[in-house]
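Chemist: PDB, C-alpha atoms, pLDDT in the B column, file target.pdb:
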ATOM      1  CA  MET A  67      10.082  15.054  -6.849  1.00 90.00           C
ATOM      2  CA  ILE A  68       7.241  13.488  -4.914  1.00 97.00           C
ATOM      3  CA  GLU A  69       3.697  14.782  -5.497  1.00 97.00           C
ATOM      4  CA  ARG A  70       0.922  13.642  -3.162  1.00 98.00           C
ATOM      5  CA  LEU A  71      -2.314  13.870  -5.084  1.00 97.00           C
ATOM      6  CA  THR A  72      -5.945  14.109  -4.077  1.00 95.00           C
ATOM      7  CA  PRO A  73      -7.653  14.581  -7.447  1.00 95.00           C
ATOM      8  CA  PRO A  74     -11.144  16.124  -7.417  1.00 93.00           C
ATOM      9  CA  GLY A  75     -14.099  13.735  -7.601  1.00 93.00           C
ATOM     10  CA  VAL A  76     -12.423  10.771  -5.933  1.00 96.00           C
ATOM     11  CA  PRO A  77     -13.446   9.149  -2.636  1.00 96.00           C
ATOM     12  CA  ALA A  78     -12.066  10.837   0.475  1.00 96.00           C
ATOM     13  CA  PRO A  79      -9.282   8.772   2.078  1.00 95.00           C
ATOM     14  CA  ARG A  80     -10.525   6.550   4.922  1.00 94.00           C
ATOM     15  CA  GLY A  81      -7.273   6.881   6.823  1.00 96.00           C
ATOM     16  CA  PRO A  82      -4.001   8.819   6.834  1.00 98.00           C
ATOM     17  CA  TYR A  83      -3.031   8.187   3.201  1.00 98.00           C
ATOM     18  CA  SER A  84      -2.965   9.982  -0.132  1.00 98.00           C
ATOM     19  CA  PRO A  85      -5.185   8.566  -2.908  1.00 98.00           C
ATOM     20  CA  ALA A  86      -2.191   8.739  -5.246  1.00 98.00           C
ATOM     21  CA  VAL A  87       1.482   9.642  -5.120  1.00 98.00           C
ATOM     22  CA  ARG A  88       3.605  10.472  -8.142  1.00 98.00           C
ATOM     23  CA  ALA A  89       7.318   9.763  -7.826  1.00 98.00           C
ATOM     24  CA  GLY A  90       9.279  10.376 -10.999  1.00 96.00           C
ATOM     25  CA  ASP A  91       7.611   8.469 -13.809  1.00 97.00           C
ATOM     26  CA  PHE A  92       5.493   6.267 -11.559  1.00 98.00           C
ATOM     27  CA  ILE A  93       2.101   6.798  -9.934  1.00 98.00           C
ATOM     28  CA  PHE A  94       1.189   4.748  -6.867  1.00 98.00           C
ATOM     29  CA  VAL A  95      -2.551   4.457  -6.260  1.00 98.00           C
ATOM     30  CA  ALA A  96      -3.765   3.641  -2.749  1.00 98.00           C
ATOM     31  CA  GLY A  97      -6.059   0.661  -2.224  1.00 98.00           C
ATOM     32  CA  GLN A  98      -9.516   1.557  -3.491  1.00 98.00           C
ATOM     33  CA  LEU A  99     -12.876   0.245  -2.378  1.00 97.00           C
ATOM     34  CA  ALA A 100     -16.431   0.268  -3.641  1.00 97.00           C
ATOM     35  CA  VAL A 101     -17.124   3.774  -2.406  1.00 97.00           C
ATOM     36  CA  ASP A 102     -19.412   6.220  -4.185  1.00 96.00           C
ATOM     37  CA  PRO A 103     -17.245   9.316  -4.726  1.00 95.00           C
ATOM     38  CA  GLU A 104     -20.327  11.563  -4.482  1.00 94.00           C
ATOM     39  CA  THR A 105     -21.464  10.374  -1.062  1.00 96.00           C
ATOM     40  CA  ASN A 106     -18.253   8.752   0.262  1.00 96.00           C
ATOM     41  CA  GLN A 107     -20.394   5.800   1.364  1.00 96.00           C
ATOM     42  CA  TYR A 108     -19.752   2.137   0.625  1.00 95.00           C
ATOM     43  CA  VAL A 109     -21.970   0.838  -2.129  1.00 94.00           C
ATOM     44  CA  ALA A 110     -22.419  -2.698  -0.974  1.00 85.00           C
ATOM     45  CA  GLY A 111     -23.445  -5.071  -3.698  1.00 90.00           C
ATOM     46  CA  ASP A 112     -22.356  -8.221  -5.415  1.00 96.00           C
ATOM     47  CA  ILE A 113     -18.725  -8.701  -6.389  1.00 98.00           C
ATOM     48  CA  GLN A 114     -19.252  -7.468  -9.932  1.00 98.00           C
ATOM     49  CA  HIS A 115     -20.818  -4.233  -8.756  1.00 97.00           C
ATOM     50  CA  GLU A 116     -18.116  -3.661  -6.130  1.00 98.00           C
ATOM     51  CA  THR A 117     -15.353  -4.438  -8.629  1.00 98.00           C
ATOM     52  CA  ARG A 118     -16.814  -2.002 -11.157  1.00 98.00           C
ATOM     53  CA  VAL A 119     -17.175   0.847  -8.634  1.00 98.00           C
ATOM     54  CA  THR A 120     -13.674   0.177  -7.288  1.00 98.00           C
ATOM     55  CA  LEU A 121     -12.073   0.161 -10.750  1.00 98.00           C
ATOM     56  CA  ASN A 122     -13.947   3.322 -11.704  1.00 98.00           C
ATOM     57  CA  ASN A 123     -12.451   5.015  -8.654  1.00 98.00           C
ATOM     58  CA  ILE A 124      -9.006   3.887  -9.768  1.00 98.00           C
ATOM     59  CA  LYS A 125      -9.712   5.269 -13.240  1.00 98.00           C
ATOM     60  CA  ARG A 126     -10.757   8.652 -11.813  1.00 98.00           C
ATOM     61  CA  ILE A 127      -7.633   8.814  -9.661  1.00 98.00           C
ATOM     62  CA  LEU A 128      -5.361   7.903 -12.580  1.00 98.00           C
ATOM     63  CA  GLU A 129      -6.999  10.473 -14.818  1.00 97.00           C
ATOM     64  CA  GLY A 130      -6.749  13.094 -12.089  1.00 97.00           C
ATOM     65  CA  ALA A 131      -3.051  12.287 -11.880  1.00 97.00           C
ATOM     66  CA  GLY A 132      -2.587  12.719 -15.631  1.00 96.00           C
ATOM     67  CA  ALA A 133      -2.492   8.999 -16.441  1.00 97.00           C
ATOM     68  CA  CYS A 134      -4.955   6.407 -17.740  1.00 97.00           C
ATOM     69  CA  VAL A 135      -5.909   2.770 -17.331  1.00 97.00           C
ATOM     70  CA  ALA A 136      -3.546   1.714 -20.147  1.00 97.00           C
ATOM     71  CA  ASP A 137      -0.630   3.061 -18.070  1.00 98.00           C
ATOM     72  CA  VAL A 138      -1.139   0.574 -15.217  1.00 98.00           C
ATOM     73  CA  VAL A 139       1.750  -1.867 -14.849  1.00 98.00           C
ATOM     74  CA  ARG A 140       0.970  -3.679 -11.607  1.00 98.00           C
ATOM     75  CA  VAL A 141      -2.241  -4.421  -9.732  1.00 98.00           C
ATOM     76  CA  GLY A 142      -3.026  -5.926  -6.343  1.00 98.00           C
ATOM     77  CA  VAL A 143      -6.483  -7.486  -5.960  1.00 98.00           C
ATOM     78  CA  PHE A 144      -7.716  -8.379  -2.480  1.00 98.00           C
ATOM     79  CA  LEU A 145     -10.863 -10.467  -2.213  1.00 98.00           C
ATOM     80  CA  ALA A 146     -12.923 -11.368   0.838  1.00 97.00           C
ATOM     81  CA  ASP A 147     -14.151 -14.573  -0.814  1.00 98.00           C
ATOM     82  CA  GLY A 148     -12.069 -16.694  -3.166  1.00 98.00           C
ATOM     83  CA  SER A 149     -15.180 -18.117  -4.813  1.00 98.00           C
ATOM     84  CA  GLU A 150     -15.735 -14.664  -6.347  1.00 98.00           C
ATOM     85  CA  PHE A 151     -12.483 -14.765  -8.315  1.00 98.00           C
ATOM     86  CA  ALA A 152     -14.038 -15.640 -11.681  1.00 98.00           C
ATOM     87  CA  ARG A 153     -16.794 -13.033 -11.464  1.00 98.00           C
ATOM     88  CA  MET A 154     -14.324 -10.346 -10.380  1.00 98.00           C
ATOM     89  CA  ASN A 155     -12.158 -11.309 -13.378  1.00 98.00           C
ATOM     90  CA  GLU A 156     -15.031 -10.760 -15.817  1.00 98.00           C
ATOM     91  CA  VAL A 157     -15.452  -7.131 -14.782  1.00 98.00           C
ATOM     92  CA  TYR A 158     -11.702  -6.653 -14.432  1.00 98.00           C
ATOM     93  CA  ALA A 159     -11.116  -7.932 -17.980  1.00 98.00           C
ATOM     94  CA  GLU A 160     -13.769  -5.551 -19.390  1.00 97.00           C
ATOM     95  CA  PHE A 161     -11.965  -2.735 -17.690  1.00 97.00           C
ATOM     96  CA  PHE A 162      -8.378  -3.426 -18.766  1.00 97.00           C
ATOM     97  CA  GLY A 163      -9.080  -4.985 -22.167  1.00 96.00           C
ATOM     98  CA  ASN A 164      -5.813  -5.927 -23.866  1.00 96.00           C
ATOM     99  CA  ASP A 165      -3.686  -3.709 -21.619  1.00 96.00           C
ATOM    100  CA  LYS A 166      -3.396  -6.348 -18.914  1.00 97.00           C
ATOM    101  CA  PRO A 167      -1.106  -5.342 -16.024  1.00 98.00           C
ATOM    102  CA  ALA A 168       0.943  -7.797 -13.961  1.00 98.00           C
ATOM    103  CA  ARG A 169      -1.329  -8.756 -11.071  1.00 98.00           C
ATOM    104  CA  THR A 170      -1.413 -10.556  -7.740  1.00 98.00           C
ATOM    105  CA  THR A 171      -4.706 -11.681  -6.204  1.00 98.00           C
ATOM    106  CA  ILE A 172      -5.118 -12.906  -2.659  1.00 98.00           C
ATOM    107  CA  VAL A 173      -8.010 -13.699  -0.351  1.00 98.00           C
ATOM    108  CA  CYS A 174      -7.938 -11.838   2.945  1.00 98.00           C
ATOM    109  CA  LYS A 175     -10.046  -9.911   5.394  1.00 97.00           C
ATOM    110  CA  PHE A 176     -10.618  -6.182   5.694  1.00 96.00           C
ATOM    111  CA  ALA A 177     -11.113  -3.610   8.406  1.00 93.00           C
ATOM    112  CA  ALA A 178     -14.485  -2.808   6.783  1.00 92.00           C
ATOM    113  CA  ASP A 179     -17.317  -4.972   5.501  1.00 92.00           C
ATOM    114  CA  ILE A 180     -16.308  -5.068   1.831  1.00 94.00           C
ATOM    115  CA  ARG A 181     -15.740  -7.741  -0.816  1.00 97.00           C
ATOM    116  CA  VAL A 182     -12.826  -6.287  -2.760  1.00 98.00           C
ATOM    117  CA  GLU A 183      -9.940  -3.841  -2.574  1.00 98.00           C
ATOM    118  CA  ILE A 184      -7.690  -2.991  -5.518  1.00 98.00           C
ATOM    119  CA  ASP A 185      -4.488  -0.966  -5.745  1.00 98.00           C
ATOM    120  CA  CYS A 186      -2.073  -0.308  -8.594  1.00 98.00           C
ATOM    121  CA  VAL A 187       1.112   1.239  -9.891  1.00 98.00           C
ATOM    122  CA  ALA A 188       1.088   3.132 -13.180  1.00 98.00           C
ATOM    123  CA  TYR A 189       3.920   4.297 -15.423  1.00 98.00           C
ATOM    124  CA  SER A 190       3.370   7.723 -16.858  1.00 97.00           C
ATOM    125  CA  PRO A 191       6.590   9.461 -17.881  1.00 95.00           C
ATOM    126  CA  LYS A 192       6.315  13.206 -17.639  1.00 82.00           C
ATOM    127  CA  LYS A 193       6.563  14.932 -20.976  1.00 67.00           C
TER     128      LYS A 193
ATOM    129  CA  MET B 226      21.353  -0.612 -11.275  1.00 83.00           C
ATOM    130  CA  LEU B 227      20.070  -3.009  -8.671  1.00 94.00           C
ATOM    131  CA  GLU B 228      21.572  -3.050  -5.208  1.00 95.00           C
ATOM    132  CA  ARG B 229      20.673  -5.357  -2.298  1.00 96.00           C
ATOM    133  CA  ILE B 230      21.334  -3.613   0.997  1.00 93.00           C
ATOM    134  CA  SER B 231      21.474  -4.646   4.664  1.00 90.00           C
ATOM    135  CA  PRO B 232      21.605  -1.308   6.504  1.00 86.00           C
ATOM    136  CA  GLU B 233      23.266  -1.148   9.919  1.00 79.00           C
ATOM    137  CA  GLY B 234      20.844  -1.092  12.806  1.00 74.00           C
ATOM    138  CA  ALA B 235      18.102  -2.824  10.846  1.00 79.00           C
ATOM    139  CA  PRO B 236      16.602  -6.015  12.294  1.00 82.00           C
ATOM    140  CA  LYS B 237      18.084  -9.203  10.862  1.00 83.00           C
ATOM    141  CA  PRO B 238      15.886 -10.702   8.126  1.00 87.00           C
ATOM    142  CA  LEU B 239      13.662 -13.552   9.363  1.00 85.00           C
ATOM    143  CA  GLY B 240      13.924 -15.351   6.051  1.00 91.00           C
ATOM    144  CA  PRO B 241      15.690 -15.348   2.695  1.00 94.00           C
ATOM    145  CA  TYR B 242      15.081 -11.720   1.780  1.00 94.00           C
ATOM    146  CA  SER B 243      17.024  -8.488   1.597  1.00 94.00           C
ATOM    147  CA  PRO B 244      15.914  -5.781   4.014  1.00 93.00           C
ATOM    148  CA  VAL B 245      16.290  -3.249   1.215  1.00 96.00           C
ATOM    149  CA  VAL B 246      16.648  -3.336  -2.534  1.00 97.00           C
ATOM    150  CA  ARG B 247      17.455  -0.250  -4.545  1.00 96.00           C
ATOM    151  CA  ALA B 248      16.361  -0.262  -8.194  1.00 96.00           C
ATOM    152  CA  GLY B 249      17.076   2.968 -10.026  1.00 96.00           C
ATOM    153  CA  ASP B 250      15.433   5.809  -8.136  1.00 97.00           C
ATOM    154  CA  PHE B 251      13.267   3.496  -6.034  1.00 98.00           C
ATOM    155  CA  ILE B 252      13.985   1.798  -2.734  1.00 98.00           C
ATOM    156  CA  TYR B 253      11.964  -1.283  -1.759  1.00 98.00           C
ATOM    157  CA  LEU B 254      11.827  -2.107   1.947  1.00 97.00           C
ATOM    158  CA  ALA B 255      10.951  -5.637   3.006  1.00 96.00           C
ATOM    159  CA  GLY B 256       8.001  -6.078   5.359  1.00 96.00           C
ATOM    160  CA  GLN B 257       8.951  -4.963   8.862  1.00 96.00           C
ATOM    161  CA  GLY B 258       7.372  -6.042  12.113  1.00 96.00           C
ATOM    162  CA  PRO B 259       7.628  -5.144  15.799  1.00 96.00           C
ATOM    163  CA  LEU B 260      11.091  -6.600  16.118  1.00 93.00           C
ATOM    164  CA  ASP B 261      13.427  -5.145  18.736  1.00 89.00           C
ATOM    165  CA  ALA B 262      16.627  -4.497  16.777  1.00 81.00           C
ATOM    166  CA  ALA B 263      18.767  -4.669  19.957  1.00 82.00           C
ATOM    167  CA  THR B 264      17.589  -8.131  21.039  1.00 86.00           C
ATOM    168  CA  ASN B 265      16.201  -9.380  17.703  1.00 84.00           C
ATOM    169  CA  ARG B 266      13.053 -10.432  19.555  1.00 90.00           C
ATOM    170  CA  LEU B 267       9.458  -9.728  18.637  1.00 92.00           C
ATOM    171  CA  LEU B 268       7.498  -7.412  20.849  1.00 93.00           C
ATOM    172  CA  GLU B 269       4.137  -8.894  21.753  1.00 91.00           C
ATOM    173  CA  ALA B 270       2.131  -5.863  22.796  1.00 94.00           C
ATOM    174  CA  ASP B 271      -0.886  -3.751  21.892  1.00 97.00           C
ATOM    175  CA  ILE B 272      -1.340  -2.441  18.358  1.00 98.00           C
ATOM    176  CA  GLU B 273      -0.075   1.049  19.213  1.00 98.00           C
ATOM    177  CA  ALA B 274       3.234  -0.245  20.594  1.00 98.00           C
ATOM    178  CA  GLU B 275       3.671  -2.732  17.763  1.00 98.00           C
ATOM    179  CA  THR B 276       2.914  -0.094  15.113  1.00 98.00           C
ATOM    180  CA  ARG B 277       5.310   2.363  16.773  1.00 98.00           C
ATOM    181  CA  LEU B 278       8.168  -0.158  16.870  1.00 97.00           C
ATOM    182  CA  THR B 279       7.513  -1.312  13.310  1.00 97.00           C
ATOM    183  CA  LEU B 280       7.531   2.250  11.954  1.00 98.00           C
ATOM    184  CA  THR B 281      10.594   3.060  14.053  1.00 96.00           C
ATOM    185  CA  ASN B 282      12.375   0.151  12.367  1.00 95.00           C
ATOM    186  CA  ILE B 283      11.340   1.481   8.966  1.00 97.00           C
ATOM    187  CA  ARG B 284      12.539   4.971   9.872  1.00 96.00           C
ATOM    188  CA  THR B 285      15.897   3.558  11.058  1.00 94.00           C
ATOM    189  CA  ILE B 286      16.369   1.632   7.823  1.00 95.00           C
ATOM    190  CA  LEU B 287      15.508   4.704   5.748  1.00 96.00           C
ATOM    191  CA  LYS B 288      17.861   6.854   7.810  1.00 94.00           C
ATOM    192  CA  GLY B 289      20.706   4.441   7.088  1.00 92.00           C
ATOM    193  CA  LEU B 290      20.108   5.188   3.406  1.00 94.00           C
ATOM    194  CA  GLY B 291      19.980   8.940   3.860  1.00 94.00           C
ATOM    195  CA  LEU B 292      16.183   8.935   3.582  1.00 96.00           C
ATOM    196  CA  GLY B 293      13.246   9.780   5.823  1.00 97.00           C
ATOM    197  CA  LEU B 294       9.574   8.935   6.050  1.00 98.00           C
ATOM    198  CA  ARG B 295       8.859  11.936   3.797  1.00 98.00           C
ATOM    199  CA  ASP B 296      10.485  10.005   0.957  1.00 98.00           C
ATOM    200  CA  VAL B 297       8.026   7.104   1.232  1.00 98.00           C
ATOM    201  CA  VAL B 298       5.565   6.941  -1.650  1.00 98.00           C
ATOM    202  CA  ARG B 299       3.718   3.678  -1.093  1.00 98.00           C
ATOM    203  CA  VAL B 300       2.934   1.637   2.027  1.00 98.00           C
ATOM    204  CA  GLY B 301       1.382  -1.775   2.613  1.00 98.00           C
ATOM    205  CA  VAL B 302      -0.133  -2.365   6.054  1.00 98.00           C
ATOM    206  CA  PHE B 303      -0.978  -5.906   7.125  1.00 98.00           C
ATOM    207  CA  LEU B 304      -3.068  -6.303  10.266  1.00 98.00           C
ATOM    208  CA  ARG B 305      -3.981  -9.426  12.194  1.00 98.00           C
ATOM    209  CA  ASP B 306      -7.201  -7.860  13.499  1.00 98.00           C
ATOM    210  CA  GLY B 307      -9.328  -5.368  11.587  1.00 97.00           C
ATOM    211  CA  ALA B 308     -10.518  -3.933  14.896  1.00 98.00           C
ATOM    212  CA  ASP B 309      -6.987  -2.496  15.301  1.00 98.00           C
ATOM    213  CA  PHE B 310      -7.365  -0.293  12.193  1.00 98.00           C
ATOM    214  CA  ALA B 311      -8.261   2.986  13.956  1.00 98.00           C
ATOM    215  CA  LYS B 312      -5.588   2.665  16.652  1.00 98.00           C
ATOM    216  CA  MET B 313      -2.955   1.721  14.076  1.00 98.00           C
ATOM    217  CA  ASN B 314      -3.956   4.826  12.092  1.00 98.00           C
ATOM    218  CA  GLU B 315      -3.422   7.099  15.095  1.00 98.00           C
ATOM    219  CA  VAL B 316       0.195   6.021  15.514  1.00 98.00           C
ATOM    220  CA  TYR B 317       0.741   5.863  11.760  1.00 98.00           C
ATOM    221  CA  ALA B 318      -0.478   9.458  11.363  1.00 98.00           C
ATOM    222  CA  GLU B 319       1.965  10.664  14.067  1.00 98.00           C
ATOM    223  CA  PHE B 320       4.852   9.202  12.061  1.00 98.00           C
ATOM    224  CA  PHE B 321       3.904  10.403   8.594  1.00 98.00           C
ATOM    225  CA  GLY B 322       2.319  13.761   9.410  1.00 97.00           C
ATOM    226  CA  ASN B 323       1.307  15.560   6.226  1.00 97.00           C
ATOM    227  CA  ASP B 324       3.565  13.505   3.946  1.00 97.00           C
ATOM    228  CA  LYS B 325       1.013  10.756   3.514  1.00 98.00           C
ATOM    229  CA  PRO B 326       2.016   7.940   1.131  1.00 98.00           C
ATOM    230  CA  ALA B 327      -0.462   5.976  -0.971  1.00 98.00           C
ATOM    231  CA  ARG B 328      -1.422   2.992   1.162  1.00 98.00           C
ATOM    232  CA  THR B 329      -3.235  -0.332   1.089  1.00 98.00           C
ATOM    233  CA  THR B 330      -4.324  -2.023   4.318  1.00 98.00           C
ATOM    234  CA  ILE B 331      -5.521  -5.606   4.581  1.00 98.00           C
ATOM    235  CA  VAL B 332      -6.267  -8.037   7.387  1.00 98.00           C
ATOM    236  CA  CYS B 333      -4.436 -11.368   7.275  1.00 98.00           C
ATOM    237  CA  SER B 334      -2.590 -13.994   9.319  1.00 97.00           C
ATOM    238  CA  PHE B 335       1.130 -14.169  10.031  1.00 96.00           C
ATOM    239  CA  SER B 336       3.655 -16.924  10.635  1.00 94.00           C
ATOM    240  CA  GLN B 337       4.734 -15.056  13.788  1.00 93.00           C
ATOM    241  CA  PRO B 338       2.702 -13.854  16.795  1.00 95.00           C
ATOM    242  CA  ILE B 339       2.523 -10.248  15.614  1.00 97.00           C
ATOM    243  CA  ARG B 340      -0.328  -7.787  15.104  1.00 98.00           C
ATOM    244  CA  VAL B 341       1.136  -5.754  12.278  1.00 98.00           C
ATOM    245  CA  GLU B 342       3.580  -5.869   9.388  1.00 98.00           C
ATOM    246  CA  ILE B 343       4.390  -2.873   7.179  1.00 98.00           C
ATOM    247  CA  ASP B 344       6.362  -2.575   3.943  1.00 98.00           C
ATOM    248  CA  CYS B 345       7.041   0.409   1.729  1.00 98.00           C
ATOM    249  CA  VAL B 346       8.550   1.917  -1.388  1.00 98.00           C
ATOM    250  CA  ALA B 347      10.597   5.115  -1.152  1.00 98.00           C
ATOM    251  CA  TYR B 348      11.848   7.446  -3.862  1.00 98.00           C
ATOM    252  CA  GLN B 349      15.420   8.686  -3.994  1.00 96.00           C
ATOM    253  CA  PRO B 350      16.176  10.264  -7.358  1.00 95.00           C
ATOM    254  CA  ALA B 351      19.793  10.155  -8.499  1.00 84.00           C
ATOM    255  CA  ARG B 352      21.532  13.345  -7.533  1.00 64.00           C
TER     256      ARG B 352
END
What is this structure when it is put down as structure tokens?
Modeler:
Amino acid sequence: MIERLTPPGVPAPRGPYSPAVRAGDFIFVAGQLAVDPETNQYVAGDIQHETRVTLNNIKRILEGAGACVADVVRVGVFLADGSEFARMNEVYAEFFGNDKPARTTIVCKFAADIRVEIDCVAYSPKK
Amino acid sequence: MLERISPEGAPKPLGPYSPVVRAGDFIYLAGQGPLDAATNRLLEADIEAETRLTLTNIRTILKGLGLGLRDVVRVGVFLRDGADFAKMNEVYAEFFGNDKPARTTIVCSFSQPIRVEIDCVAYQPAR
């Protein structure tokens, strides 16, 4: 079964997508940005601030989908500026601790004026 | 079980990749572009036409596997120009309707003169 999820307290989608989709034992989280879930506005800041807000949105979505950060198996990190890699990693490492997912990071552009986008896949077998 | 599939009617791969790989209950589609399956030529057009052809190719591939767009759980959208985001979304929304997958969109460059590339993961649980 496929469940398309819009958990409460997460940023409203900025396009025709679901924040998360559960398919069997896996949860696919849409690319998240540094958006304040209260106001749905971008919270522009330095890379560490944007990374933290973005990862907190991912955490809220995972929790709303019945999973947690330790369940994440694969992450995509998209940066506007490659020179921010190390500082992004510092915040990212705080967030995932020892439960480090497989990850791919690239430098690209975005349709909005942001520094980072992050998506992930989590494994959360249904009891 | 892992199965590499070249469905009939799908555009020929433009490199050393399988158009489709099935792994357990999940189906991975390779990135598709605005390639005319009849002529195997790229359409160079506006973003709406390129998005429509790309998603039509994805729908054709899924159909060959007994699937539809409603079975798609995760989508990656790659755009050449971030200014095309809103117009891409209009066509995209027509195709997916209410069955919106999780999605990540980035802006990047391509090795071909195209405006959009789209890949996806679909879910087809064993019957």
Chemist: Enumerate, as a list in words, the residues matched when the PyMOL selection byres ((chain B) within 8 of (chain A)) is run on the file above.
Modeler: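 Answer for the PyMOL selection byres ((chain B) within 8 of (chain A)): Asp296, Val298, Arg299, Asp306, Gly307, Ala308, Phe310, Asn314, Tyr317, Ala318, Asp324, Lys325, Pro326, Ala327, Arg328, Thr329, Thr330, Ile331, Val332, Cys333, Tyr348 and Pro350 of chain B.
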Chemist: I'd like the residues picked by the PyMOL selection byres ((chain A and resi 167) around 9) written out as a PDB file with C-alpha atoms, in the frame of the given file, using the chain letters and numbers from the file.
Modeler:
ATOM      1  CA  ALA A 136      -3.546   1.714 -20.147  1.00 97.00           C
ATOM      2  CA  ASP A 137      -0.630   3.061 -18.070  1.00 98.00           C
ATOM      3  CA  VAL A 138      -1.139   0.574 -15.217  1.00 98.00           C
ATOM      4  CA  VAL A 139       1.750  -1.867 -14.849  1.00 98.00           C
ATOM      5  CA  ARG A 140       0.970  -3.679 -11.607  1.00 98.00           C
ATOM      6  CA  VAL A 141      -2.241  -4.421  -9.732  1.00 98.00           C
ATOM      7  CA  PHE A 162      -8.378  -3.426 -18.766  1.00 97.00           C
ATOM      8  CA  ASP A 165      -3.686  -3.709 -21.619  1.00 96.00           C
ATOM      9  CA  LYS A 166      -3.396  -6.348 -18.914  1.00 97.00           C
ATOM     10  CA  ALA A 168       0.943  -7.797 -13.961  1.00 98.00           C
ATOM     11  CA  ARG A 169      -1.329  -8.756 -11.071  1.00 98.00           C
TER      12      ARG A 169
END
Chemist: What is the distance, in Å and to one decimal place, between CA of Ile172 in chain A and CA of Val101 in chain A?
Modeler: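 Here the two named atoms are 20.6 Å from each other.
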Chemist: If we count only C-alpha atoms and set the cut-off at 12 Å, which residues sit around Gln107 in chain A, ignoring sequence neighbours fewer than 3 positions away in its own chain? Please answer as a list in words.
Modeler: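 The residues that qualify are Val76, Pro77, Ala78, Pro79, Arg80, Leu99, Ala100, Val101, Asp102, Pro103, Glu104, Ala110, Val119, Ala178, Asp179 and Ile180 of chain A.
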Chemist: When the PyMOL selection byres ((chain B and resi 274) around 12) is applied to the file above, which residues end up in the set, as an NGL selection string?
Modeler: :B and (258-261 or 267-273 or 275-281 or 309 or 312-313 or 315-317 or 339-341)
